[in-house]
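One structure is given below, encoded as structure tokens.
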Amino acid sequence: MNAIPATTPEATLASARRTLAIEAQALRDLEARLDDTFAQAVDMLLHCRGRVVVTGIGKTGHVASKVAATLASTGTPAFFMHAGEAAHGDLGMLTADDILLAISYSGSGSELLTIAPVARRLGSRILAMTGKPSSELAKLADIHLDVSVAQEACPMNLAPTASTTAALAMGDALAVACLEARGFGPEDFARSHPGGALGRRLLTHVRDVMRQGGALPTVSVDATLSRALEEMSAKGMGMTVVIDENRHPVGIFTDGDLRRLIERRGDIRGLTITEGMTRSPRTVQADALAVVAAEQMDTLRLNQMLVLDDNGALLGALHMHDLMAAKVV
């Protein structure tokens with residue numbers, strides 16, 4: 001194995017800065033070239049009746065995969081089709097209602113030039129992103145976006161670096177322009193990302209995490225303190241709800257209430273629950289966002305909050321631990 005040439009931290013940092021400077025300049029040049037063609041490309045994507053099928057090979061294939069994922073997650077139905085596999089059966093993914101978004105810096109790759117004419121005969125429209133406006137792929141496209149760069153960051157000007165950055169940035173620009181034109185908002189984004197933090201915050205409602213039914217600790221207004229403690233221990237919420245005959249909550253008795261009652265009265269064995277409970281407990285509706293309830297509980301320094309139905313009857317209860325387990329907070 002060849003020995004690695006000696007280098008210095010200064011030389012390493014200079015290399016990194018040179019790479020970043022070249023790629024930053026490529027993006028500035030890309031911005032300066034934007035014209036009505038970009039607007040036409042966005043309009044094409046917005047009026048696509050099918051899906052945007054993004055294709056490429058090699059390094060631009062990786063870029064194409066990311067562009068497809070970004071489009072799909074921001075409101076433009078899209079998927080990635082490997083250009084090499086497309087020529088061997090995967091082109092069956094494409095329909096006449098779809099748009100083929102073909103990415104190739106040279107615009108002359110044999111794989112893309114094989115599938116583009118087939119896509120055109122099928123009736124699909126073609127949007128191409130290349131660094132060669134006079135290339136064959138550019139000429140085959142309905143709309144062509146120029147993503148050329150003055151130079152690669154590679155000192156040999158060979159490895160795709162600045163060119164892939166430019167293509168990736170152009171893909172992001174298309175996705176964001178479509179997002180804004182559609183009025184795609186945080187809740188729409190959350191529906192595309194149900195497993196992410198934003199999805200949990202915007203899609204999880206109180207009813208999804210509240211305890212209810214047999215897991216909900218309740219006692220009647222005439223219950224003894226001993227009965228309330230039994231219910232608290234059995235249900236493990238650190239509290240019990242005190243309800244009337246119509247299941248309307250008249251109070252809540254928590255671990256904190258128990259400590260304060262002992263400090264105040266000493267012997268509590270003969271007391272009823274109404275002598276120690278906190279009246280007018282804090283409540284929330286079941287269809288409220290869980291994150292909103294969590295914020296209220298945090299502000300008020302509460303570990304529990306009651307959930308009521310539209311008639312004011314007890315429906316469930318929230319515990320901060322449940323909100324944390326659901327990763328809402």
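To be explicit about the labels: the chains of the structure tokens are called A, B, and onward in the order shown, and within each one the residues are counted from 1, while ligands get numbers from 1 in the order they are shown.
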
Query - Filtered DSSP result for range 33-275 of chain A, state strand (DSSP E), as a ChimeraX atom specification - result: /A:52-56,78-82,99-103,125-130,143-146,218-220,239-243,249-254

Per-residue nearest contacts of range 128-223 of chain A to range 50-70 of chain A (10 Å; only C-alpha atoms) as a Markdown table:
```
| residue | atom | partner | partner_atom | distance |
| --- | --- | --- | --- | --- |
| A:Ala128 | CA | A:Val54 | CA | 9.7 |
| A:Ala159 | CA | A:Lys59 | CA | 9.3 |
| A:Pro160 | CA | A:Lys59 | CA | 7.1 |
| A:Thr161 | CA | A:Lys59 | CA | 9.1 |
| A:Ser163 | CA | A:Thr60 | CA | 9.0 |
| A:Thr164 | CA | A:Thr60 | CA | 6.4 |
| A:Thr165 | CA | A:Val63 | CA | 8.5 |
| A:Ala166 | CA | A:Val63 | CA | 9.9 |
| A:Ala167 | CA | A:Val63 | CA | 7.2 |
| A:Leu168 | CA | A:Val63 | CA | 5.8 |
| A:Ala169 | CA | A:Val67 | CA | 9.0 |
| A:Met170 | CA | A:Val67 | CA | 8.9 |
| A:Gly171 | CA | A:Val67 | CA | 5.4 |
| A:Asp172 | CA | A:Val67 | CA | 6.8 |
| A:Ala173 | CA | A:Val67 | CA | 9.9 |
| A:Leu174 | CA | A:Val67 | CA | 9.0 |
| A:Ala175 | CA | A:Thr70 | CA | 6.6 |
| A:Val176 | CA | A:Thr70 | CA | 8.9 |
```

Query raised in the report: Could you name the residues that touch Asp322 in chain A at 9 Å or less, counting only C-alpha atoms, but leaving out those on the same chain fewer than 6 positions away, as an NGL selection string?
Result: :A and (209-211 or 328)

Query - Surrounding residues of range 221-235 of chain A excluding itself and chain neighbours under 6 positions, 12 Å, only C-alpha atoms, as an NGL selection string - result: :A and (211-215 or 241-255 or 257-258 or 261-262 or 267-277 or 279 or 317 or 319)

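Comparing A:Ala294, A:Glu10, A:Gly266, A:Leu306 by their smallest distance to Met324 in chain A, the closest is A:Ala294 (using only C-alpha atoms).
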
Give me the residues within 10 Å of range 280-285 of chain A as a compact mmCIF listing (two decimals) with all heavy atoms, in the first residue's frame, counting only C-alpha atoms and dropping any in the same chain fewer than 5 places off.
```
# COMPACT_ATOMS: atom_id res chain seq x y z
N HIS A 205 -53.14 13.73 19.31
CA HIS A 205 -54.14 14.46 20.07
C HIS A 205 -54.26 13.88 21.47
O HIS A 205 -53.77 12.79 21.76
CB HIS A 205 -55.49 14.41 19.36
CG HIS A 205 -55.51 15.17 18.06
ND1 HIS A 205 -55.03 14.62 16.89
CD2 HIS A 205 -55.93 16.42 17.75
CE1 HIS A 205 -55.16 15.51 15.91
NE2 HIS A 205 -55.69 16.61 16.41
N VAL A 206 -54.91 14.63 22.32
CA VAL A 206 -55.06 14.21 23.71
C VAL A 206 -55.69 12.83 23.80
O VAL A 206 -55.25 11.98 24.58
CB VAL A 206 -55.90 15.26 24.49
CG1 VAL A 206 -56.34 14.69 25.83
CG2 VAL A 206 -55.09 16.54 24.70
N ARG A 207 -56.71 12.57 22.97
CA ARG A 207 -57.40 11.28 23.05
C ARG A 207 -56.46 10.11 22.72
O ARG A 207 -56.73 8.97 23.11
CB ARG A 207 -58.59 11.27 22.11
CG ARG A 207 -58.28 11.30 20.63
CD ARG A 207 -59.54 11.11 19.79
NE ARG A 207 -60.44 12.25 19.89
CZ ARG A 207 -61.55 12.28 20.61
NH1 ARG A 207 -61.90 11.19 21.30
NH2 ARG A 207 -62.31 13.34 20.66
N VAL A 241 -59.62 11.05 40.50
CA VAL A 241 -60.60 12.08 40.18
C VAL A 241 -61.83 11.86 41.04
O VAL A 241 -62.29 10.72 41.20
CB VAL A 241 -61.00 12.02 38.69
CG1 VAL A 241 -61.86 13.23 38.32
CG2 VAL A 241 -59.78 11.95 37.80
N VAL A 242 -62.35 12.93 41.57
CA VAL A 242 -63.57 12.86 42.38
C VAL A 242 -64.74 13.30 41.49
O VAL A 242 -64.75 14.41 40.98
CB VAL A 242 -63.47 13.78 43.61
CG1 VAL A 242 -64.70 13.60 44.50
CG2 VAL A 242 -62.19 13.47 44.40
N PRO A 249 -66.45 15.92 37.05
CA PRO A 249 -65.41 16.03 38.09
C PRO A 249 -65.66 17.22 39.01
O PRO A 249 -65.90 18.34 38.54
CB PRO A 249 -64.12 16.21 37.28
CG PRO A 249 -64.55 16.76 35.97
CD PRO A 249 -65.91 16.22 35.70
N VAL A 250 -65.64 16.96 40.29
CA VAL A 250 -65.80 18.04 41.27
C VAL A 250 -64.47 18.35 41.95
O VAL A 250 -64.34 19.35 42.66
CB VAL A 250 -66.87 17.69 42.33
CG1 VAL A 250 -68.22 17.54 41.67
CG2 VAL A 250 -66.48 16.43 43.09
N GLY A 251 -63.49 17.48 41.72
CA GLY A 251 -62.19 17.72 42.33
C GLY A 251 -61.19 16.67 41.90
O GLY A 251 -61.51 15.72 41.19
N ILE A 252 -59.95 16.86 42.34
CA ILE A 252 -58.88 15.90 42.08
C ILE A 252 -58.05 15.79 43.35
O ILE A 252 -57.84 16.79 44.07
CB ILE A 252 -58.01 16.37 40.88
CG1 ILE A 252 -56.95 15.31 40.54
CG2 ILE A 252 -57.35 17.71 41.16
CD1 ILE A 252 -56.17 15.64 39.26
N PHE A 253 -57.63 14.58 43.67
CA PHE A 253 -56.82 14.36 44.86
C PHE A 253 -55.51 13.73 44.41
O PHE A 253 -55.49 12.63 43.84
CB PHE A 253 -57.54 13.44 45.84
CG PHE A 253 -56.82 13.29 47.16
CD1 PHE A 253 -56.82 14.32 48.09
CD2 PHE A 253 -56.13 12.13 47.46
CE1 PHE A 253 -56.15 14.19 49.31
CE2 PHE A 253 -55.47 11.99 48.67
CZ PHE A 253 -55.47 13.03 49.60
N ALA A 290 -51.96 17.10 21.78
CA ALA A 290 -51.30 16.67 23.00
C ALA A 290 -50.17 17.62 23.38
O ALA A 290 -49.92 17.87 24.56
CB ALA A 290 -50.76 15.26 22.84
N VAL A 292 -50.09 20.82 22.99
CA VAL A 292 -50.66 22.01 23.63
C VAL A 292 -50.98 21.71 25.09
O VAL A 292 -50.69 22.52 25.98
CB VAL A 292 -51.93 22.47 22.87
CG1 VAL A 292 -52.61 23.60 23.61
CG2 VAL A 292 -51.57 22.91 21.46
N ALA A 293 -51.56 20.54 25.34
CA ALA A 293 -51.84 20.15 26.72
C ALA A 293 -50.56 20.03 27.52
O ALA A 293 -50.49 20.46 28.69
CB ALA A 293 -52.60 18.82 26.73
N GLN A 296 -49.34 23.45 28.52
CA GLN A 296 -50.14 23.99 29.62
C GLN A 296 -49.76 23.35 30.94
O GLN A 296 -49.62 24.04 31.96
CB GLN A 296 -51.63 23.76 29.33
CG GLN A 296 -52.17 24.54 28.16
CD GLN A 296 -53.62 24.20 27.86
OE1 GLN A 296 -54.21 23.31 28.48
NE2 GLN A 296 -54.20 24.89 26.89
N MET A 297 -49.58 22.03 30.92
CA MET A 297 -49.19 21.33 32.14
C MET A 297 -47.83 21.78 32.63
O MET A 297 -47.62 21.95 33.84
CB MET A 297 -49.21 19.82 31.89
CG MET A 297 -50.60 19.25 31.66
SD MET A 297 -50.60 17.54 31.03
CE MET A 297 -49.97 16.66 32.46
N LEU A 300 -48.18 25.29 34.18
CA LEU A 300 -48.89 25.27 35.46
C LEU A 300 -48.23 24.33 36.47
O LEU A 300 -48.72 24.21 37.60
CB LEU A 300 -50.34 24.83 35.23
CG LEU A 300 -51.18 25.77 34.35
CD1 LEU A 300 -52.50 25.10 33.99
CD2 LEU A 300 -51.42 27.09 35.06
N LEU A 302 -48.11 21.01 36.43
CA LEU A 302 -49.03 19.92 36.73
C LEU A 302 -48.48 18.62 36.17
O LEU A 302 -47.89 18.60 35.10
CB LEU A 302 -50.40 20.18 36.11
CG LEU A 302 -51.16 21.44 36.54
CD1 LEU A 302 -52.44 21.58 35.74
CD2 LEU A 302 -51.46 21.39 38.04
N GLN A 304 -50.76 15.98 36.07
CA GLN A 304 -51.98 15.39 35.54
C GLN A 304 -52.93 16.48 35.07
O GLN A 304 -52.92 17.61 35.55
CB GLN A 304 -52.70 14.53 36.59
CG GLN A 304 -51.84 13.49 37.28
CD GLN A 304 -51.21 14.00 38.57
OE1 GLN A 304 -51.30 15.18 38.89
NE2 GLN A 304 -50.57 13.09 39.29
N MET A 305 -53.77 16.13 34.09
CA MET A 305 -54.82 17.02 33.63
C MET A 305 -56.01 16.17 33.20
O MET A 305 -55.83 15.12 32.57
CB MET A 305 -54.34 17.90 32.47
CG MET A 305 -55.36 18.93 32.01
SD MET A 305 -54.71 20.05 30.73
CE MET A 305 -53.77 21.19 31.73
N LEU A 306 -57.21 16.61 33.53
CA LEU A 306 -58.41 15.84 33.22
C LEU A 306 -58.91 16.15 31.81
O LEU A 306 -58.76 17.27 31.32
CB LEU A 306 -59.51 16.14 34.24
CG LEU A 306 -59.13 15.98 35.71
CD1 LEU A 306 -60.35 16.14 36.60
CD2 LEU A 306 -58.44 14.65 35.96
N VAL A 307 -59.52 15.16 31.20
CA VAL A 307 -60.06 15.29 29.85
C VAL A 307 -61.57 15.15 29.93
O VAL A 307 -62.08 14.13 30.44
CB VAL A 307 -59.48 14.23 28.89
CG1 VAL A 307 -59.97 14.48 27.47
CG2 VAL A 307 -57.96 14.22 28.96
N LEU A 308 -62.30 16.14 29.42
CA LEU A 308 -63.76 16.13 29.49
C LEU A 308 -64.37 16.01 28.11
O LEU A 308 -63.77 16.42 27.10
CB LEU A 308 -64.26 17.43 30.14
CG LEU A 308 -63.67 17.80 31.51
CD1 LEU A 308 -64.36 19.04 32.06
CD2 LEU A 308 -63.79 16.63 32.49
N ASP A 309 -65.60 15.48 28.06
CA ASP A 309 -66.33 15.46 26.80
C ASP A 309 -67.08 16.77 26.63
O ASP A 309 -66.96 17.69 27.45
CB ASP A 309 -67.25 14.24 26.70
CG ASP A 309 -68.37 14.25 27.74
OD1 ASP A 309 -68.66 15.34 28.32
OD2 ASP A 309 -68.97 13.19 27.97
N ASP A 310 -67.88 16.87 25.56
CA ASP A 310 -68.57 18.12 25.27
C ASP A 310 -69.61 18.49 26.32
O ASP A 310 -70.03 19.65 26.41
CB ASP A 310 -69.25 18.04 23.89
CG ASP A 310 -68.24 17.96 22.76
OD1 ASP A 310 -67.08 18.39 22.97
OD2 ASP A 310 -68.60 17.46 21.68
N GLY A 312 -69.08 18.05 29.58
CA GLY A 312 -68.38 18.30 30.83
C GLY A 312 -68.17 17.07 31.68
O GLY A 312 -67.74 17.16 32.83
N LEU A 314 -66.38 13.40 32.67
CA LEU A 314 -65.02 12.89 32.64
C LEU A 314 -64.86 11.85 31.53
O LEU A 314 -65.62 10.88 31.45
CB LEU A 314 -64.65 12.27 33.99
CG LEU A 314 -63.22 11.76 34.12
CD1 LEU A 314 -62.23 12.92 34.08
CD2 LEU A 314 -63.06 10.95 35.42
N LEU A 315 -63.88 12.05 30.69
CA LEU A 315 -63.61 11.15 29.58
C LEU A 315 -62.29 10.41 29.77
O LEU A 315 -62.14 9.26 29.38
CB LEU A 315 -63.59 11.94 28.27
CG LEU A 315 -63.53 11.17 26.96
CD1 LEU A 315 -64.77 10.29 26.81
CD2 LEU A 315 -63.42 12.13 25.78
N GLY A 316 -61.31 11.10 30.37
CA GLY A 316 -60.00 10.49 30.57
C GLY A 316 -59.11 11.42 31.37
O GLY A 316 -59.56 12.43 31.92
N ALA A 317 -57.84 11.07 31.41
CA ALA A 317 -56.87 11.90 32.13
C ALA A 317 -55.50 11.75 31.49
O ALA A 317 -55.14 10.68 31.00
CB ALA A 317 -56.82 11.52 33.61
N LEU A 318 -54.76 12.84 31.49
CA LEU A 318 -53.40 12.86 30.97
C LEU A 318 -52.41 12.81 32.12
O LEU A 318 -52.65 13.40 33.17
CB LEU A 318 -53.14 14.15 30.18
CG LEU A 318 -53.68 14.28 28.76
CD1 LEU A 318 -53.34 15.68 28.24
CD2 LEU A 318 -53.10 13.23 27.86
```

**Report entry** Near-Asp36 in chain A list (12 Å; only C-alpha atoms; drop same-chain fewer than 6 positions) as number ranges by chain
**Finding:** A: 42-43, 143-145

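Going from CA of Val291 in chain A to CA of Thr204 in chain A covers 7.7 Å.
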
Query raised in the report: When DSSP works through the backbone of this structure, what residues of range 157-314 of chain A end up as helix (DSSP H, G or I), shown as a ChimeraX atom specification?
Result: /A:162-182,186-192,197-203,206-209,213-215,225-235,255-265,273-275,290-300

**Report entry** Distance of CA of Ser135 in chain A from CA of Leu27 in chain A, expressed in Å to one decimal place
**Finding:** 21.4 Å

Query raised in the report: What lies within 10 Å of range 46-48 of chain A using only C-alpha atoms, ignoring chain neighbours under 5 positions off, as a ChimeraX atom specification?
Result: /A:40-41,75-77,97-99,124-125,177-179,181-182

Grab the residues selected above and save them as a CSV table (one decimal), in the first residue's frame with N, CA, C and O atoms.
```
chain,number,residue,atom,x,y,z
A,40,GLN,N,-41.5,27.7,-15.6
A,40,GLN,CA,-42.2,26.7,-16.4
A,40,GLN,C,-42.1,25.3,-15.9
A,40,GLN,O,-43.0,24.5,-16.0
A,41,ALA,N,-40.9,25.0,-15.4
A,41,ALA,CA,-40.7,23.6,-14.8
A,41,ALA,C,-41.6,23.4,-13.6
A,41,ALA,O,-42.2,22.3,-13.4
A,75,GLY,N,-45.1,17.4,-0.7
A,75,GLY,CA,-46.4,17.6,-1.4
A,75,GLY,C,-46.5,17.3,-2.8
A,75,GLY,O,-47.5,17.4,-3.5
A,76,THR,N,-45.3,16.9,-3.5
A,76,THR,CA,-45.3,16.5,-4.9
A,76,THR,C,-45.1,15.0,-5.0
A,76,THR,O,-43.9,14.6,-4.8
A,77,PRO,N,-46.1,14.2,-5.3
A,77,PRO,CA,-45.9,12.8,-5.4
A,77,PRO,C,-44.8,12.4,-6.3
A,77,PRO,O,-44.8,12.8,-7.5
A,97,ASP,N,-49.3,9.7,-17.6
A,97,ASP,CA,-49.6,10.9,-16.8
A,97,ASP,C,-48.4,11.4,-16.0
A,97,ASP,O,-48.5,12.4,-15.3
A,98,ASP,N,-47.3,10.6,-16.0
A,98,ASP,CA,-46.2,11.0,-15.2
A,98,ASP,C,-45.2,12.0,-15.9
A,98,ASP,O,-45.3,12.2,-17.1
A,99,ILE,N,-44.4,12.6,-15.1
A,99,ILE,CA,-43.3,13.4,-15.6
A,99,ILE,C,-42.0,12.7,-15.3
A,99,ILE,O,-41.8,12.2,-14.2
A,124,SER,N,-45.2,10.5,-21.7
A,124,SER,CA,-44.8,11.2,-20.5
A,124,SER,C,-44.0,12.5,-20.9
A,124,SER,O,-43.3,12.5,-22.0
A,125,ARG,N,-44.1,13.6,-20.1
A,125,ARG,CA,-43.4,14.8,-20.4
A,125,ARG,C,-42.0,14.6,-19.7
A,125,ARG,O,-41.9,13.9,-18.7
A,177,ALA,N,-40.4,25.5,-4.3
A,177,ALA,CA,-41.3,26.3,-5.1
A,177,ALA,C,-42.6,25.7,-5.2
A,177,ALA,O,-43.7,26.3,-5.1
A,178,CYS,N,-42.6,24.4,-5.4
A,178,CYS,CA,-43.9,23.6,-5.5
A,178,CYS,C,-44.6,23.6,-4.2
A,178,CYS,O,-45.9,23.8,-4.1
A,179,LEU,N,-43.9,23.4,-3.1
A,179,LEU,CA,-44.4,23.5,-1.7
A,179,LEU,C,-45.2,24.8,-1.5
A,179,LEU,O,-46.3,24.8,-1.0
A,181,ALA,N,-46.2,27.0,-3.7
A,181,ALA,CA,-47.3,27.2,-4.6
A,181,ALA,C,-48.6,26.4,-4.2
A,181,ALA,O,-49.7,26.9,-4.4
A,182,ARG,N,-48.3,25.3,-3.6
A,182,ARG,CA,-49.5,24.4,-3.1
A,182,ARG,C,-50.0,24.9,-1.8
A,182,ARG,O,-51.1,24.4,-1.3
```
